[in-house]
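Taking it in order: structure first as structure tokens, then the write-up.
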Amino acid sequence: MSRVLLIEDDRETATEILTELGRKGYVTGHADTGPAGLERARAERWDVLIVDRMLPEQDGLAVIRCLREASVRTPALILSALGAIDDRVRGLRAGGDDYLIKPFALAELSARLEALLRRPGDGERTHLRLGPLELDLIRRKAWRGGRNLELLPREFQLLDYMMQHEGQVVTRGMLLEEVWNYRFIPKTNLVDVHMGRLRRKLDPSGEPPLITSVRGAGFMLRAPA
Amino acid sequence: MAVAGLFATSSLLLFAVMFWLADAGMLRTVDRSVLEQLVLLSERPPDLLPFMIASRMDHRPRVITSVGLFDPDGRLVVGDIATIPRPLRLDKTVQTLAIPDAGGEAQRVAGLRLHDGRILVVARSLRNVLEVRASLLRAFVLGLIPTVLISLLAGTLVGLRTQRRLARLHRSAERIIAGDLAERLPARPAGDELDQTAVIVNAILDRLQELVAALQGAGENIAHDLRTPLTWVRARLERARNGPGRQGPVRPLLDQSIGGIDQALAIIAALLRIAEIEHVRRHAGFAEFDLAEVVREMAEAYRPVAEEKDVMLEADVPHAVRISGDRDLMLEAVMNLVDNAVKFTPRGGRVVVALCGGIARPVVRIADTGPGIPPEERRMVLRRFYRSDKSRGSVGTGLGLSLVAAVARLHHFSLCLGNNEPGCVVELHCWEQAETGCDRSDADRDTAGRFSSFPRKK
């Protein structure tokens, strides 16, 4: 059971987030000021923190900075109403691990939390394997059941990212940020089209599909049972 | 030029009047002296007259009038006029007649028959008058040439200055008409009537800009405030959709409601994004980057999207072109343009994404074979929320081009829409421009109905 601490002063936002997280089976804690949040983050063991950027008394970024200085390495997701790119960069520099602009869909929040909770280790990877799928990260080649998938570079990156987040919901926003490196979320069907092509190469008819769409959220790669 | 001509004409008139007055004055003096002499001599005792005339002739320096006394038959008795000039009226009126013994020179002459029948004639040369006339003319010609030259020069200078001022006013006015409310008419403090008028117009523009900004700000505030409640409505709808009874009859209604809210949120996000680009005007994100790479990446990203709908996407991006700007914003702008082009091009059509114009003046050019934008709508599509009738059927926020325009303004680049015959051409001219809208060549195309420009804010 993962433990999530939410540091957020807006009551309604906090209620919505806590309800959603409770529904997903997380154990939650809540603090509504910077110092209170800092206190709880230090005192108890958490798996992930959700920190609002603008907090009374102590700024969200300052809270994270204090924690990092005290060698608390718990991954932190920053929530911000400020959309500026610079702000995102500042947030990540202060020790945040991901950044979500308000308002956001709750599905987006839980997908990103999931990704933070199951971050892959830093070890040097050269080969990925999942069920019938095989990825050679050096030669940038992919196989399903020994069949070369002949992926284009972008499709390979997409599959690589999906494999790293195997079994998790991956949102379009996460893909645009991580695979395409866009610092903005355009209103476009770009991700769907590329994902569609990847899926056609990956899941030819007759074989069980590896990538599925998650309604209202994104996509998920899962090894066939 | 006209001013110079007017000035020259007026000096000519002034001279003519002066000349006429001086000439008439001198003639009057001559005539008076002739008449005075005639009257003076006629009043002398008749027997002393020949002697007086003779003594006059010996007088040195010579008097300026010449006199002749003739017997009743017209033969000379004494004097320096040999014969009576014809036709002389003997009634004390001054006439201009040729004097034969003065070599036929025209002189002012008056004659009188005395009581004893003798004839007295007095004449005076006009040589002095003619000499003065000649010097006056000379003086005039010598004076007039520089006057005309100076007035021509001054006129041309004043004219050029006025012309330049008017041209500046015209350019500013055009920018304002095109929608750039930050533009002001050039006005010098304590200037002439033109400057004072410009100051008044500028004050009107200040007020107008305030009102428009207030309106825009209100719109942005509303958008901002709507965002959070809409998000929570969406979250609750989603929860309802995922909750118990999810396969019930309300399911399609929930899906549609979520779709509608997503569209509303997308519009709000796009609106706030444009406001962010417009207001923040940060140049902090400016750095040198390769525009060719940005364009190539977008072409690569959208090729599958185009192929999905059977549209051919060609990229013509030959060389590396380094420009200074915000790479992320430029990427977003180019993405919007390519996205639009692919979206509006029907099945079987073609989209060409090109980077042309060389290294100094790179132009990102995106041409499609879609329905195009009629010339009269080109300016409007750059406005927020404007969507062409032809685009009503497709999904989008109607803010894509406004965003591109905002990015262009931030960079002082210009955005031009044109006709691809058939289809649309959008050009993003990626170099800093001091002037409004498209460059010269495009303005020409504009008059040919091919291109139309749009304004940039300063």
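Identifiers for the structure tokens are assigned positionally: chains receive A, B, ... in sequence, residues are indexed from 1 per chain, and ligands are indexed from 1 in the order shown.
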Please determine the contact residues of chain A with respect to chain B at a cut-off of 12 Å, counting only C-alpha atoms, and supply them as a VMD selection string. chain A and resid 10 12 to 17 19 to 20 23 to 24 81 to 87 89 101 to 109 152 to 155 176 to 177 179 to 198 214 to 217
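Distances from B:Ala198, B:Ala98, B:Ile268, B:Leu49 to Ile222 of chain B were compared using only C-alpha atoms, and the smallest one belongs to B:Ile268.
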Report the residues of segment 77-222 of chain A whose backbone DSSP state falls under strand (DSSP E or B), written as a ChimeraX atom specification. /A:77-80,98-101,127-130,133-136,141-144,147-148,170-171,211-214,218-221
Identify, on the basis of only C-alpha atoms, every residue whose closest approach to Glu166 of chain A does not exceed 6 Å; exclude the query and any residue fewer than 3 positions from it along the same chain; express the result as a PyMOL selection string. chain A and resi 162-163+221-222
Suppose we keep C-alpha atoms; can you now write the selection as a PDB file, in the first residue's frame?
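Output contents, as saved in result21.pdb:
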```pdb
ATOM      1  CA  MET A 162       6.016   2.247 -22.618  1.00  0.00           C
ATOM      2  CA  MET A 163       8.175  -0.681 -21.575  1.00  0.00           C
ATOM      3  CA  LEU A 221       1.485  -1.666 -22.133  1.00  0.00           C
ATOM      4  CA  ARG A 222       0.995  -5.024 -20.483  1.00  0.00           C
TER       5      ARG A 222
END
```
Between A:Gly145, A:Pro75, A:Arg65, A:Arg112, which is the closest to Arg93 of chain A once you count only C-alpha atoms?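 Among the listed residues, the smallest separation from Arg93 of chain A belongs to A:Arg65.
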Alpha helix (DSSP H) call set, DSSP backbone run, segment 99-262 of chain B, as a PyMOL selection string: chain B and resi 127-177+193-242+251-262
At a cut-off of 8 Å, using only C-alpha atoms, what residues contact segment 99-103 of chain B? Leave out same-chain residues fewer than 6 positions from it and give the result as a PyMOL selection string. chain B and resi 81-83+85
Taking 3 positions as the minimum chain separation for residues in the same chain, which residues sit within 12 Å of segment 207-209 of chain A when counting only C-alpha atoms? Answer as a CSV table (one decimal) with N, CA and C atoms, in the first residue's frame.
```csv
chain,number,residue,atom,x,y,z
A,131,GLY,N,7.5,-10.3,-21.7
A,131,GLY,CA,6.7,-11.3,-22.4
A,131,GLY,C,7.4,-11.6,-23.8
A,132,PRO,N,6.6,-11.5,-24.9
A,132,PRO,CA,7.2,-11.8,-26.2
A,132,PRO,C,8.1,-10.6,-26.7
A,133,LEU,N,8.0,-9.5,-26.0
A,133,LEU,CA,8.7,-8.3,-26.5
A,133,LEU,C,10.2,-8.2,-26.1
A,144,ARG,N,9.1,-8.9,-31.6
A,144,ARG,CA,8.0,-9.5,-30.8
A,144,ARG,C,8.1,-11.0,-31.3
A,145,GLY,N,8.3,-11.8,-30.3
A,145,GLY,CA,8.4,-13.3,-30.6
A,145,GLY,C,9.5,-13.5,-31.7
A,196,GLY,N,-1.0,4.6,-32.7
A,196,GLY,CA,-1.7,3.7,-33.6
A,196,GLY,C,-0.8,2.9,-34.5
A,198,LEU,N,2.4,2.3,-34.0
A,198,LEU,CA,3.2,1.4,-33.2
A,198,LEU,C,2.4,0.2,-32.9
A,199,ARG,N,1.1,0.4,-32.6
A,199,ARG,CA,0.3,-0.8,-32.2
A,199,ARG,C,0.1,-1.7,-33.4
A,200,ARG,N,-0.1,-1.1,-34.6
A,200,ARG,CA,-0.3,-2.0,-35.8
A,200,ARG,C,1.0,-2.8,-36.0
A,201,LYS,N,2.1,-2.3,-35.8
A,201,LYS,CA,3.3,-3.1,-36.0
A,201,LYS,C,3.5,-4.1,-34.9
A,202,LEU,N,3.1,-3.7,-33.6
A,202,LEU,CA,3.3,-4.5,-32.5
A,202,LEU,C,2.3,-5.6,-32.4
A,203,ASP,N,1.0,-5.3,-32.6
A,203,ASP,CA,0.0,-6.2,-32.4
A,203,ASP,C,-0.8,-6.6,-33.7
A,204,PRO,N,-0.1,-7.4,-34.5
A,204,PRO,CA,-0.8,-7.8,-35.8
A,204,PRO,C,-2.0,-8.7,-35.4
A,212,THR,N,-3.0,-1.2,-24.8
A,212,THR,CA,-4.4,-0.9,-24.9
A,212,THR,C,-4.6,0.5,-24.5
A,213,SER,N,-5.8,1.1,-25.0
A,213,SER,CA,-6.2,2.4,-24.6
A,213,SER,C,-6.9,2.4,-23.3
A,220,MET,N,-1.8,1.8,-22.0
A,220,MET,CA,-1.0,1.0,-21.1
A,220,MET,C,-0.4,-0.2,-21.9
A,221,LEU,N,0.8,-0.5,-21.5
A,221,LEU,CA,1.5,-1.7,-22.1
A,221,LEU,C,1.5,-2.8,-21.1
A,222,ARG,N,1.0,-3.9,-21.5
A,222,ARG,CA,1.0,-5.0,-20.5
A,222,ARG,C,1.3,-6.3,-21.2
A,223,ALA,N,2.1,-7.2,-20.5
A,223,ALA,CA,2.4,-8.5,-21.0
A,223,ALA,C,1.2,-9.3,-21.1
A,224,PRO,N,0.9,-10.1,-22.1
A,224,PRO,CA,-0.2,-10.9,-22.1
A,224,PRO,C,-0.2,-12.0,-21.0
A,225,ALA,N,-1.4,-12.2,-20.5
A,225,ALA,CA,-1.4,-13.2,-19.3
A,225,ALA,C,-1.0,-14.6,-19.7
```
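Atom pair atom CA of Leu417 of chain B / atom CA of Arg379 of chain B has a distance of 8.5 Å (rounded to one decimal).
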Within 10 Å of segment 51-57 of chain A, counting only C-alpha atoms, which residues show up once you throw out same-chain ones fewer than 6 positions away? Write them as a PDB file with C-alpha atoms, in the first residue's frame, please.
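So selection_10.pdb came out as:
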```pdb
ATOM      1  CA  LEU A   5       1.297  13.022   1.425  1.00  0.00           C
ATOM      2  CA  LEU A   6      -0.616  15.918  -0.117  1.00  0.00           C
ATOM      3  CA  ILE A   7       0.502  19.438   0.796  1.00  0.00           C
ATOM      4  CA  GLU A   8      -2.219  21.674  -0.594  1.00  0.00           C
ATOM      5  CA  ASP A   9      -4.036  24.676   0.890  1.00  0.00           C
ATOM      6  CA  ASP A  10      -7.052  24.788  -1.423  1.00  0.00           C
ATOM      7  CA  ALA A  14      -7.448  18.719  -1.678  1.00  0.00           C
ATOM      8  CA  ALA A  31      -1.202  19.179   5.302  1.00  0.00           C
ATOM      9  CA  ASP A  32      -2.471  22.633   4.367  1.00  0.00           C
ATOM     10  CA  THR A  33       0.550  24.822   5.028  1.00  0.00           C
ATOM     11  CA  GLY A  34       4.224  24.644   4.086  1.00  0.00           C
ATOM     12  CA  PRO A  35       5.656  24.192   7.610  1.00  0.00           C
ATOM     13  CA  ALA A  36       3.001  21.598   8.555  1.00  0.00           C
ATOM     14  CA  GLY A  37       3.753  19.694   5.356  1.00  0.00           C
ATOM     15  CA  VAL A  63       9.472  22.891   1.247  1.00  0.00           C
ATOM     16  CA  ILE A  64      11.007  20.530  -1.310  1.00  0.00           C
ATOM     17  CA  ALA A  76       7.727  14.853  -5.234  1.00  0.00           C
ATOM     18  CA  LEU A  77       5.104  15.925  -7.753  1.00  0.00           C
ATOM     19  CA  ILE A  78       4.649  19.698  -7.919  1.00  0.00           C
ATOM     20  CA  LEU A  79       1.235  21.182  -8.648  1.00  0.00           C
ATOM     21  CA  SER A  80       1.156  24.699 -10.037  1.00  0.00           C
ATOM     22  CA  ALA A  81      -1.329  27.167 -11.413  1.00  0.00           C
ATOM     23  CA  LEU A  82       1.544  28.908 -13.150  1.00  0.00           C
ATOM     24  CA  ASP A  87       8.415  27.814 -13.660  1.00  0.00           C
ATOM     25  CA  GLY A  91      10.319  23.402  -9.970  1.00  0.00           C
ATOM     26  CA  GLY A  96      10.764  18.195  -7.730  1.00  0.00           C
ATOM     27  CA  TYR A  99       5.390  18.983 -12.527  1.00  0.00           C
ATOM     28  CA  LEU A 100       1.680  19.202 -13.229  1.00  0.00           C
ATOM     29  CA  ILE A 101      -0.107  22.372 -14.242  1.00  0.00           C
ATOM     30  CA  LYS A 102      -3.465  23.114 -12.645  1.00  0.00           C
TER      31      LYS A 102
END
```
Nearest to Val30 of chain B, restricted to only C-alpha atoms and choosing among B:Arg127, B:Arg327, B:Arg184, B:Arg161, comes out as B:Arg127
